[in-house]
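S.K.: Just one file: input.txt, with compact mmCIF, C-alpha atoms.
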```txt
# COMPACT_ATOMS: atom_id res chain seq x y z
CA MET P 1 -2.73 -22.52 -5.32
CA ALA P 2 -3.15 -18.75 -5.38
CA SER P 3 -3.54 -17.64 -8.96
CA GLY P 4 -2.57 -13.99 -8.71
CA LEU P 5 -3.63 -11.23 -11.04
CA ARG P 6 -5.23 -12.07 -14.39
CA ILE P 7 -6.41 -10.22 -17.48
CA VAL P 8 -10.11 -9.79 -18.03
CA THR P 9 -11.32 -9.51 -21.58
CA GLU P 10 -14.96 -10.53 -21.25
CA ARG P 11 -17.72 -8.18 -20.29
CA VAL P 12 -21.47 -8.16 -20.30
CA GLY P 13 -23.76 -5.32 -21.18
CA ASP P 14 -23.50 -2.22 -23.36
CA GLY P 15 -21.23 0.75 -23.01
CA ALA P 16 -18.29 0.06 -20.79
CA GLY P 17 -20.03 -3.07 -19.58
CA GLN P 18 -19.73 -5.06 -16.39
CA PRO P 19 -17.62 -8.04 -15.38
CA VAL P 20 -18.84 -11.58 -15.87
CA LEU P 21 -19.67 -13.04 -12.47
CA ASP P 22 -20.66 -16.52 -11.35
CA PRO P 23 -23.98 -16.22 -9.50
CA ASP P 24 -24.63 -19.95 -9.81
CA ASN P 25 -21.74 -20.47 -7.44
CA GLY P 26 -22.91 -17.76 -5.11
CA GLU P 27 -20.86 -14.87 -6.42
CA GLU P 28 -22.55 -11.51 -5.88
CA LEU P 29 -21.55 -7.97 -6.66
CA MET P 30 -20.82 -6.09 -3.45
CA HIS P 31 -19.73 -2.66 -4.59
CA VAL P 32 -19.07 -0.61 -7.69
CA GLN P 33 -16.70 2.34 -7.56
CA PRO P 34 -16.31 4.46 -10.66
CA GLY P 35 -13.37 6.79 -11.17
CA VAL P 36 -10.65 4.43 -10.00
CA SER P 37 -7.24 4.10 -11.55
CA ILE P 38 -5.20 0.99 -11.11
CA VAL P 39 -1.47 0.75 -10.54
CA LEU P 40 0.17 -2.61 -11.06
CA GLY P 41 3.58 -3.03 -9.48
CA ASN P 42 5.86 -0.21 -10.57
CA ARG P 43 3.91 0.59 -13.72
CA PRO P 44 2.27 3.94 -14.38
CA PRO P 45 -1.39 4.28 -13.36
CA GLU P 46 -4.04 3.09 -15.80
CA SER P 47 -7.26 5.04 -16.08
CA PRO P 48 -10.03 5.84 -16.31
CA GLY P 49 -11.66 2.75 -14.92
CA THR P 50 -14.32 1.31 -12.67
CA LEU P 51 -13.77 -1.01 -9.77
CA TYR P 52 -16.14 -3.90 -9.22
CA ILE P 53 -15.92 -5.75 -5.94
CA SER P 54 -17.69 -9.09 -5.78
CA THR P 55 -17.85 -11.63 -3.00
CA LYS P 56 -15.05 -13.58 -4.69
CA GLN P 57 -12.82 -11.13 -6.54
CA VAL P 58 -11.79 -7.60 -7.33
CA VAL P 59 -12.22 -6.55 -10.95
CA TRP P 60 -11.04 -3.35 -12.60
CA LEU P 61 -12.39 -2.53 -16.04
CA SER P 62 -11.14 0.26 -18.25
CA ASP P 63 -13.87 2.78 -19.09
CA THR P 64 -12.47 3.34 -22.56
CA ASP P 65 -11.06 0.01 -23.68
CA ARG P 66 -13.42 -2.93 -23.47
CA ALA P 67 -10.57 -5.33 -23.92
CA LYS P 68 -8.66 -4.05 -20.93
CA GLY P 69 -9.38 -5.28 -17.46
CA TYR P 70 -7.75 -7.03 -14.53
CA ALA P 71 -9.04 -9.26 -11.80
CA VAL P 72 -7.71 -10.96 -8.70
CA ASP P 73 -9.39 -13.35 -6.30
CA PHE P 74 -9.63 -12.42 -2.62
CA VAL P 75 -7.86 -15.62 -1.68
CA SER P 76 -4.81 -14.19 -3.46
CA LEU P 77 -4.77 -10.91 -1.58
CA SER P 78 -2.43 -11.45 1.35
CA LEU P 79 -2.78 -7.90 2.60
CA HIS P 80 -4.73 -4.74 1.92
CA ALA P 81 -4.44 -1.33 3.49
CA VAL P 82 -5.37 2.33 3.25
CA SER P 83 -2.28 4.21 2.16
CA ARG P 84 -2.19 7.95 2.79
CA ASP P 85 1.52 8.36 3.19
CA PRO P 86 2.77 10.61 0.38
CA ASP P 87 6.22 9.08 0.75
CA ALA P 88 4.81 5.69 -0.12
CA TYR P 89 2.68 6.88 -3.02
CA HIS P 90 1.69 10.33 -4.23
CA SER P 91 -2.06 9.67 -4.07
CA PRO P 92 -4.16 8.17 -1.29
CA CYS P 93 -5.07 4.67 -2.34
CA ILE P 94 -5.88 1.12 -1.35
CA TYR P 95 -2.63 -0.78 -1.33
CA THR P 96 -2.78 -4.53 -1.80
CA GLN P 97 -0.29 -7.36 -1.89
CA ILE P 98 -0.93 -10.24 -4.21
CA GLU P 99 0.21 -13.73 -3.45
CA THR P 100 1.40 -15.18 -6.69
CA GLY P 101 2.77 -18.43 -5.41
CA ALA P 102 5.91 -17.79 -7.42
CA GLU P 103 9.33 -17.09 -5.91
CA GLU P 104 10.29 -13.47 -5.68
CA LEU P 105 12.05 -12.67 -8.95
CA GLU P 106 15.11 -10.44 -8.80
CA SER P 107 14.79 -9.56 -12.46
CA GLU P 108 11.43 -7.87 -12.06
CA ASP P 109 12.83 -4.39 -12.68
CA SER P 110 14.26 -5.24 -16.07
CA ASP P 111 10.94 -6.64 -17.19
CA SER P 112 8.74 -3.76 -16.19
CA GLU P 113 7.91 -1.00 -18.60
CA SER P 114 10.05 -1.93 -21.56
CA ASP P 115 8.21 -5.18 -22.10
CA ASN P 116 5.29 -5.10 -24.47
CA ILE P 117 3.76 -8.11 -22.80
CA LEU P 118 2.79 -7.54 -19.19
CA ASN P 119 3.62 -10.57 -17.12
CA LEU P 120 0.84 -10.47 -14.58
CA SER P 121 2.15 -13.43 -12.65
CA LYS P 122 5.02 -11.27 -11.43
CA ILE P 123 2.81 -8.52 -10.06
CA THR P 124 2.82 -8.63 -6.28
CA GLU P 125 1.58 -5.13 -5.52
CA MET P 126 -1.53 -3.38 -6.72
CA ARG P 127 -2.82 0.06 -5.85
CA LEU P 128 -6.34 1.29 -6.45
CA VAL P 129 -6.56 5.05 -6.57
CA PRO P 130 -10.08 6.48 -6.33
CA SER P 131 -10.66 9.94 -7.72
CA ASP P 132 -12.50 10.61 -4.46
CA PRO P 133 -10.16 9.82 -1.55
CA ASN P 134 -13.10 10.02 0.86
CA GLN P 135 -14.15 6.63 -0.48
CA LEU P 136 -11.03 4.93 0.82
CA ASP P 137 -12.42 3.90 4.19
CA THR P 138 -15.51 2.45 2.57
CA LEU P 139 -13.42 0.53 0.07
CA PHE P 140 -11.16 -0.76 2.83
CA ALA P 141 -14.15 -1.98 4.83
CA ILE P 142 -15.60 -3.77 1.83
CA PHE P 143 -12.27 -5.39 1.08
CA CYS P 144 -12.18 -6.64 4.68
CA GLU P 145 -15.70 -8.00 4.43
CA CYS P 146 -14.98 -9.86 1.23
CA ALA P 147 -11.63 -11.17 2.44
CA GLU P 148 -13.43 -12.67 5.42
CA LEU P 149 -15.82 -14.39 3.05
CA ASN P 150 -12.94 -16.14 1.38
CA PRO P 151 -10.99 -18.19 3.90
CA ASP P 152 -8.65 -20.84 2.64
CA PRO P 153 -10.34 -24.07 1.67
CA ILE P 154 -10.10 -26.73 4.38
CA GLU P 155 -8.24 -29.15 2.10
CA ALA P 156 -5.23 -26.86 2.23
CA GLU P 157 -4.73 -27.65 5.90
CA GLY P 158 -4.11 -31.33 5.27
CA GLU P 159 -1.31 -30.97 2.78
CA ASP P 160 1.06 -33.36 4.47
CA GLY P 161 -1.48 -36.13 4.54
CA HIS P 162 -2.75 -35.58 8.07
CA ASN P 163 -6.34 -34.47 8.24
CA TRP P 164 -6.42 -34.41 12.00
CA VAL P 165 -9.84 -35.94 12.04
CA PHE P 166 -10.73 -37.58 15.32
CA SER P 167 -14.23 -38.64 14.56
CA ALA P 168 -16.36 -39.33 11.53
CA ASP P 169 -18.75 -36.56 12.61
CA GLN P 170 -16.23 -33.93 11.64
CA LEU P 171 -16.35 -34.83 8.00
CA GLU P 172 -19.95 -33.66 7.76
CA ASP P 173 -20.04 -30.98 10.35
CA ASP P 174 -18.29 -27.73 9.54
CA GLY P 175 -19.05 -26.36 12.97
CA GLY P 176 -15.63 -24.83 13.41
CA GLU P 177 -15.75 -22.83 10.20
CA ASP P 178 -18.42 -20.19 10.23
CA ASP P 179 -19.10 -18.16 7.13
CA ASP P 180 -19.37 -14.99 9.14
CA SER P 181 -16.08 -13.86 10.53
CA GLU P 182 -16.25 -13.23 14.24
CA TRP P 183 -13.90 -10.46 15.14
CA ALA P 184 -12.46 -10.31 18.61
CA ILE P 185 -12.27 -6.68 19.69
CA PRO P 186 -12.88 -7.21 23.38
CA GLU P 187 -13.26 -4.32 25.78
CA ASN P 188 -13.09 -6.44 28.89
CA SER P 189 -11.70 -9.80 28.11
CA SER P 190 -12.53 -12.41 30.66
CA HIS P 191 -9.87 -14.73 29.37
CA SER P 192 -6.56 -13.18 30.21
CA ILE P 193 -3.22 -14.69 29.53
CA GLY P 194 -1.59 -11.45 30.56
CA SER P 195 0.74 -11.34 33.48
CA ASN P 196 -1.96 -9.94 35.71
CA GLY P 197 -4.55 -12.50 34.66
CA ASN P 198 -5.69 -15.11 37.09
CA HIS P 199 -7.64 -17.09 34.56
CA ASP P 200 -6.48 -20.62 34.03
CA LEU P 201 -5.90 -20.92 30.32
CA ALA P 202 -5.16 -24.61 30.61
CA HIS P 203 -8.59 -25.06 32.13
CA SER P 204 -10.28 -23.28 29.27
CA VAL P 205 -8.44 -25.47 26.77
CA VAL P 206 -9.77 -28.54 28.54
CA GLN P 207 -13.19 -26.98 28.37
CA LEU P 208 -13.15 -27.29 24.60
CA HIS P 209 -15.35 -30.36 24.96
CA ILE P 210 -12.86 -33.13 24.59
CA ASN P 211 -15.39 -35.89 24.73
CA ASP P 212 -13.97 -38.18 22.14
CA GLN P 213 -13.40 -41.62 23.65
CA ARG P 214 -10.05 -41.91 21.87
CA PHE P 215 -8.56 -39.35 24.21
CA GLU P 216 -9.04 -41.67 27.11
CA ASP P 217 -6.53 -44.17 25.82
CA ALA P 218 -4.13 -41.60 24.44
CA GLU P 219 -1.00 -43.71 24.61
CA GLU P 220 -2.41 -46.82 23.01
CA MET P 221 -4.46 -45.13 20.36
CA GLU P 222 -1.78 -42.70 19.19
CA GLN P 223 -0.05 -45.40 17.18
CA ASP P 224 -3.29 -46.47 15.58
CA ASP P 225 -4.24 -42.92 14.67
CA LYS P 226 -1.00 -42.35 12.84
CA ASN P 227 -0.99 -45.61 10.96
CA GLY P 228 -4.59 -46.48 10.45
CA HIS P 229 -6.15 -43.63 8.57
CA HIS P 230 -9.57 -44.39 7.24
CA MET M 1 -16.25 -32.11 17.90
CA LEU M 2 -13.21 -30.00 17.20
CA SER M 3 -10.28 -31.30 15.22
CA CYS M 4 -6.78 -30.79 16.56
CA MET M 5 -6.23 -28.02 14.03
CA GLU M 6 -9.35 -26.21 15.18
CA MET M 7 -8.24 -26.51 18.81
CA CYS M 8 -4.86 -25.04 17.94
CA VAL M 9 -6.59 -22.16 16.20
CA GLN M 10 -8.77 -21.62 19.27
CA LEU M 11 -5.68 -21.48 21.44
CA PHE M 12 -3.96 -18.97 19.19
CA LEU M 13 -7.14 -16.98 18.87
CA SER M 14 -7.39 -16.68 22.62
CA VAL M 15 -3.75 -15.53 22.80
CA PHE M 16 -4.32 -12.87 20.17
CA LYS M 17 -7.59 -11.69 21.66
CA ASP M 18 -5.66 -10.80 24.77
CA LEU M 19 -3.12 -8.89 22.75
CA VAL M 20 -5.60 -6.55 21.11
CA GLY M 21 -4.29 -3.05 21.74
CA SER M 22 -0.68 -4.17 21.92
CA GLU M 23 2.09 -3.63 19.43
CA VAL M 24 2.88 -6.70 17.39
CA THR M 25 5.08 -7.45 14.43
CA VAL M 26 3.59 -9.66 11.77
CA GLU M 27 5.94 -11.38 9.37
CA LEU M 28 4.34 -12.59 6.19
CA LYS M 29 5.40 -15.60 4.19
CA ASP M 30 6.80 -13.30 1.50
CA ASP M 31 9.25 -11.90 4.08
CA LEU M 32 7.45 -8.58 4.54
CA ALA M 33 7.32 -7.64 8.21
CA VAL M 34 4.93 -5.00 9.47
CA ARG M 35 4.60 -3.53 12.91
CA GLY M 36 1.43 -2.04 14.27
CA THR M 37 -1.19 -2.07 16.96
CA LEU M 38 -3.34 -5.15 16.93
CA HIS M 39 -6.88 -3.95 16.39
CA ALA M 40 -8.73 -7.21 15.88
CA VAL M 41 -8.34 -10.88 15.08
CA ASP M 42 -10.94 -13.33 13.77
CA GLN M 43 -11.42 -17.08 13.82
CA PHE M 44 -9.43 -17.44 10.59
CA LEU M 45 -6.56 -15.64 12.31
CA ASN M 46 -6.89 -12.74 9.91
CA PHE M 47 -5.38 -9.65 11.54
CA LYS M 48 -6.41 -6.04 11.49
CA LEU M 49 -3.66 -3.66 12.49
CA VAL M 50 -3.65 0.11 12.88
CA ASN M 51 -0.78 2.60 12.70
CA VAL M 52 1.23 0.21 10.66
CA ARG M 53 4.73 0.68 9.46
CA VAL M 54 7.07 -1.56 7.57
CA VAL M 55 9.88 -2.98 9.67
CA ASP M 56 12.45 -2.82 6.90
CA PRO M 57 11.53 0.13 4.66
CA ASP M 58 14.62 -0.30 2.51
CA LYS M 59 13.36 -3.64 1.35
CA HIS M 60 9.84 -2.43 0.77
CA PRO M 61 9.94 1.24 -0.16
CA HIS M 62 6.45 1.34 -1.57
CA MET M 63 4.77 0.74 1.72
CA PHE M 64 6.18 3.07 4.36
CA SER M 65 3.20 3.43 6.58
CA VAL M 66 -0.48 2.77 6.36
CA GLN M 67 -3.29 3.59 8.71
CA ASN M 68 -5.41 0.46 8.56
CA CYS M 69 -4.16 -2.88 7.42
CA PHE M 70 -5.87 -6.22 6.96
CA ILE M 71 -3.62 -9.26 6.83
CA ARG M 72 -4.91 -12.58 5.60
CA GLY M 73 -4.33 -15.32 8.14
CA SER M 74 -2.94 -17.72 5.55
CA ALA M 75 -0.28 -15.19 4.56
CA VAL M 76 1.24 -14.99 8.03
CA ARG M 77 4.46 -16.75 8.90
CA TYR M 78 5.17 -15.35 12.37
CA VAL M 79 3.69 -12.96 14.84
CA GLN M 80 6.10 -11.39 17.27
CA LEU M 81 4.43 -10.80 20.59
CA PRO M 82 5.35 -8.25 23.20
CA PRO M 83 7.09 -10.31 25.89
CA ASN M 84 5.59 -8.39 28.78
CA GLU M 85 2.05 -9.05 27.69
CA VAL M 86 2.13 -12.79 27.49
CA ASP M 87 2.43 -15.20 30.38
CA VAL M 88 4.86 -17.52 28.66
CA GLU M 89 4.67 -20.24 31.30
CA LEU M 90 0.91 -20.41 31.13
CA LEU M 91 1.02 -20.55 27.34
CA GLN M 92 3.62 -23.30 27.31
CA ASP M 93 1.55 -25.24 29.79
CA ALA M 94 -1.58 -24.92 27.69
CA THR M 95 0.15 -26.01 24.49
CA ARG M 96 1.76 -28.94 26.25
CA ARG M 97 -1.58 -30.12 27.56
CA GLU M 98 -3.06 -29.80 24.13
CA ALA M 99 -0.24 -31.76 22.53
CA ARG M 100 -0.65 -34.50 25.14
CA SER M 101 -4.39 -34.80 24.69
CA SER M 102 -4.12 -35.21 20.93
```
Let me see the structure of the file written as structure tokens.
M.R.:
Amino acid sequence: MASGLRIVTERVGDGAGQPVLDPDNGEELMHVQPGVSIVLGNRPPESPGTLYISTKQVVWLSDTDRAKGYAVDFVSLSLHAVSRDPDAYHSPCIYTQIETGAEELESEDSDSESDNILNLSKITEMRLVPSDPNQLDTLFAIFCECAELNPDPIEAEGEDGHNWVFSADQLEDDGGEDDDSEWAIPENSSHSIGSNGNHDLAHSVVQLHINDQRFEDAEEMEQDDKNGHH
Amino acid sequence: MLSCMEMCVQLFLSVFKDLVGSEVTVELKDDLAVRGTLHAVDQFLNFKLVNVRVVDPDKHPHMFSVQNCFIRGSAVRYVQLPPNEVDVELLQDATRREARSS
């Protein structure tokens, strides 16, 4: 499902131009960072370029070559981090991992720089190196924000045929999936599963409003739920 | 009305909320394992870790250590929890009750 890195050849506007976005589907530009070089996998850095972060994707466009650009959707970024360790990479950068959906290929090394054609589907690591390393924390925060805006689509959770729907109301109501990510950074958590916590976790699970009448006849209805799926 | 999946997520979320500040190891589906301090977790089970290092640097030399790390919930395979910080009996009890009620 994850598409991985792709080449961007289209731009709008004069000069170096800007990436083509999809505002009709709600895509907005969140941040523009000039002076960023991009490092794909083990390849040498490519620069100069400008980074465009939208609500859906990360786009890097070369400042000098209008035909050169790369983009990746946030749903394909499995991890992003601020890297300042000189042993990991010589320049401070945003390190990202890209989920390609392909199996890890052992032959990646032989394909790297000697190939004229860059096989983007094999790229699983991308670094973004800003000329101003003070921008790293800002970039990281924006990446976090946009990643939170792009959770996996709900359909993905029912891949083995079970949708785990217990009432018809659920099909309309997306109450469990808020658009705004709610981060839990509690100072004093009142719900403690720790060894010194007295709170009854089982009780709080029951408190999750199990009002559906089907729960009352759990044993009888279980068979029906598995077989009769409307 | 919460689906079973949403209730499971709530249960895990409540476990992880309690572990904020503890050291955890997150193993991703692509086999990368990172260890760090759990800084935050959200309702999509995305994780923010700080002081992160790679568990097996020989396998992943390009990512020795990073300061802040955001891990997409859907990319996670396992999270190793510190055994002293979790009341295993209570957790087993809660998951058993949940399995029974669904």
S.K.: Hey, what's within 12 Å of Ala147 in chain P if we count all atoms listed in the file and toss same-chain stuff fewer than 5 positions away? As a PyMOL selection string, please?
M.R.: (chain P and resi 53-58+72-80+96+140-142+152+179-181) or (chain M and resi 42+44-48+70-74)
S.K.: Would you output that residue set with C-alpha atoms, as a PDB file, in the frame of the given file?
M.R.:
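The new file out-v7.pdb reads:
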```pdb
ATOM      1  CA  ILE P  53     -15.920  -5.750  -5.940  1.00  0.00           C
ATOM      2  CA  SER P  54     -17.690  -9.090  -5.780  1.00  0.00           C
ATOM      3  CA  THR P  55     -17.850 -11.630  -3.000  1.00  0.00           C
ATOM      4  CA  LYS P  56     -15.050 -13.580  -4.690  1.00  0.00           C
ATOM      5  CA  GLN P  57     -12.820 -11.130  -6.540  1.00  0.00           C
ATOM      6  CA  VAL P  58     -11.790  -7.600  -7.330  1.00  0.00           C
ATOM      7  CA  VAL P  72      -7.710 -10.960  -8.700  1.00  0.00           C
ATOM      8  CA  ASP P  73      -9.390 -13.350  -6.300  1.00  0.00           C
ATOM      9  CA  PHE P  74      -9.630 -12.420  -2.620  1.00  0.00           C
ATOM     10  CA  VAL P  75      -7.860 -15.620  -1.680  1.00  0.00           C
ATOM     11  CA  SER P  76      -4.810 -14.190  -3.460  1.00  0.00           C
ATOM     12  CA  LEU P  77      -4.770 -10.910  -1.580  1.00  0.00           C
ATOM     13  CA  SER P  78      -2.430 -11.450   1.350  1.00  0.00           C
ATOM     14  CA  LEU P  79      -2.780  -7.900   2.600  1.00  0.00           C
ATOM     15  CA  HIS P  80      -4.730  -4.740   1.920  1.00  0.00           C
ATOM     16  CA  THR P  96      -2.780  -4.530  -1.800  1.00  0.00           C
ATOM     17  CA  PHE P 140     -11.160  -0.760   2.830  1.00  0.00           C
ATOM     18  CA  ALA P 141     -14.150  -1.980   4.830  1.00  0.00           C
ATOM     19  CA  ILE P 142     -15.600  -3.770   1.830  1.00  0.00           C
ATOM     20  CA  ASP P 152      -8.650 -20.840   2.640  1.00  0.00           C
ATOM     21  CA  ASP P 179     -19.100 -18.160   7.130  1.00  0.00           C
ATOM     22  CA  ASP P 180     -19.370 -14.990   9.140  1.00  0.00           C
ATOM     23  CA  SER P 181     -16.080 -13.860  10.530  1.00  0.00           C
TER      24      SER P 181
ATOM     25  CA  ASP M  42     -10.940 -13.330  13.770  1.00  0.00           C
ATOM     26  CA  PHE M  44      -9.430 -17.440  10.590  1.00  0.00           C
ATOM     27  CA  LEU M  45      -6.560 -15.640  12.310  1.00  0.00           C
ATOM     28  CA  ASN M  46      -6.890 -12.740   9.910  1.00  0.00           C
ATOM     29  CA  PHE M  47      -5.380  -9.650  11.540  1.00  0.00           C
ATOM     30  CA  LYS M  48      -6.410  -6.040  11.490  1.00  0.00           C
ATOM     31  CA  PHE M  70      -5.870  -6.220   6.960  1.00  0.00           C
ATOM     32  CA  ILE M  71      -3.620  -9.260   6.830  1.00  0.00           C
ATOM     33  CA  ARG M  72      -4.910 -12.580   5.600  1.00  0.00           C
ATOM     34  CA  GLY M  73      -4.330 -15.320   8.140  1.00  0.00           C
ATOM     35  CA  SER M  74      -2.940 -17.720   5.550  1.00  0.00           C
TER      36      SER M  74
END
```
S.K.: Report, in Å with one decimal, the straight-line distance from CA of Val129 in chain P to CA of Lys68 in chain P.
M.R.: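 Computed distance, CA of Val129 in chain P to CA of Lys68 in chain P, equals 17.1 Å.
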S.K.: With a cut-off of 7 Å and counting only C-alpha atoms, select all residues of chain M in contact with chain P and give the selection as number ranges by chain.
M.R.: M: 1-6, 15, 17-18, 20, 39-44, 61-72, 75, 85-87, 90, 93-94, 101-102
S.K.: Rounded to one decimal place, report the CA of Leu38 in chain M-CA of Gln10 in chain M distance in Å.
M.R.: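 These two atoms are separated by 17.5 Å.
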S.K.: State, in Å with one decimal place, the distance from CA of Ser62 in chain P to CA of His60 in chain M.
M.R.: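 Interatomic distance, CA of Ser62 in chain P to CA of His60 in chain M: 28.4 Å.
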S.K.: If we count only C-alpha atoms, what is near Glu27 in chain M at a cut-off of 10 Å, once residues fewer than 4 positions away on the same chain are taken out, given as number ranges by chain?
M.R.: M: 31-35, 55, 75-80
S.K.: Return as AutoDock Vina command-line options the box centre and box size in Å, one decimal, for an axis-aligned box around all listed atoms of range 29-41 of chain M padded by 8 Å per side.
M.R.:
```
--center_x 0.3 --center_y -8.8 --center_z 9.2 --size_x 34.0 --size_y 29.6 --size_z 31.5
```
S.K.: Which residue out of M:Val52, M:Leu11, M:Leu19, M:Ala99 has the minimum interatomic distance to Pro83 in chain M when only C-alpha atoms are used?
M.R.: M:Leu19
S.K.: For Gly36 in chain M, which residue among M:Val50, M:Arg96, M:Val9, M:Val88 is the nearest when counting all atoms listed in the file?
M.R.: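 Closest residue, counting all atoms listed in the file: M:Val50.
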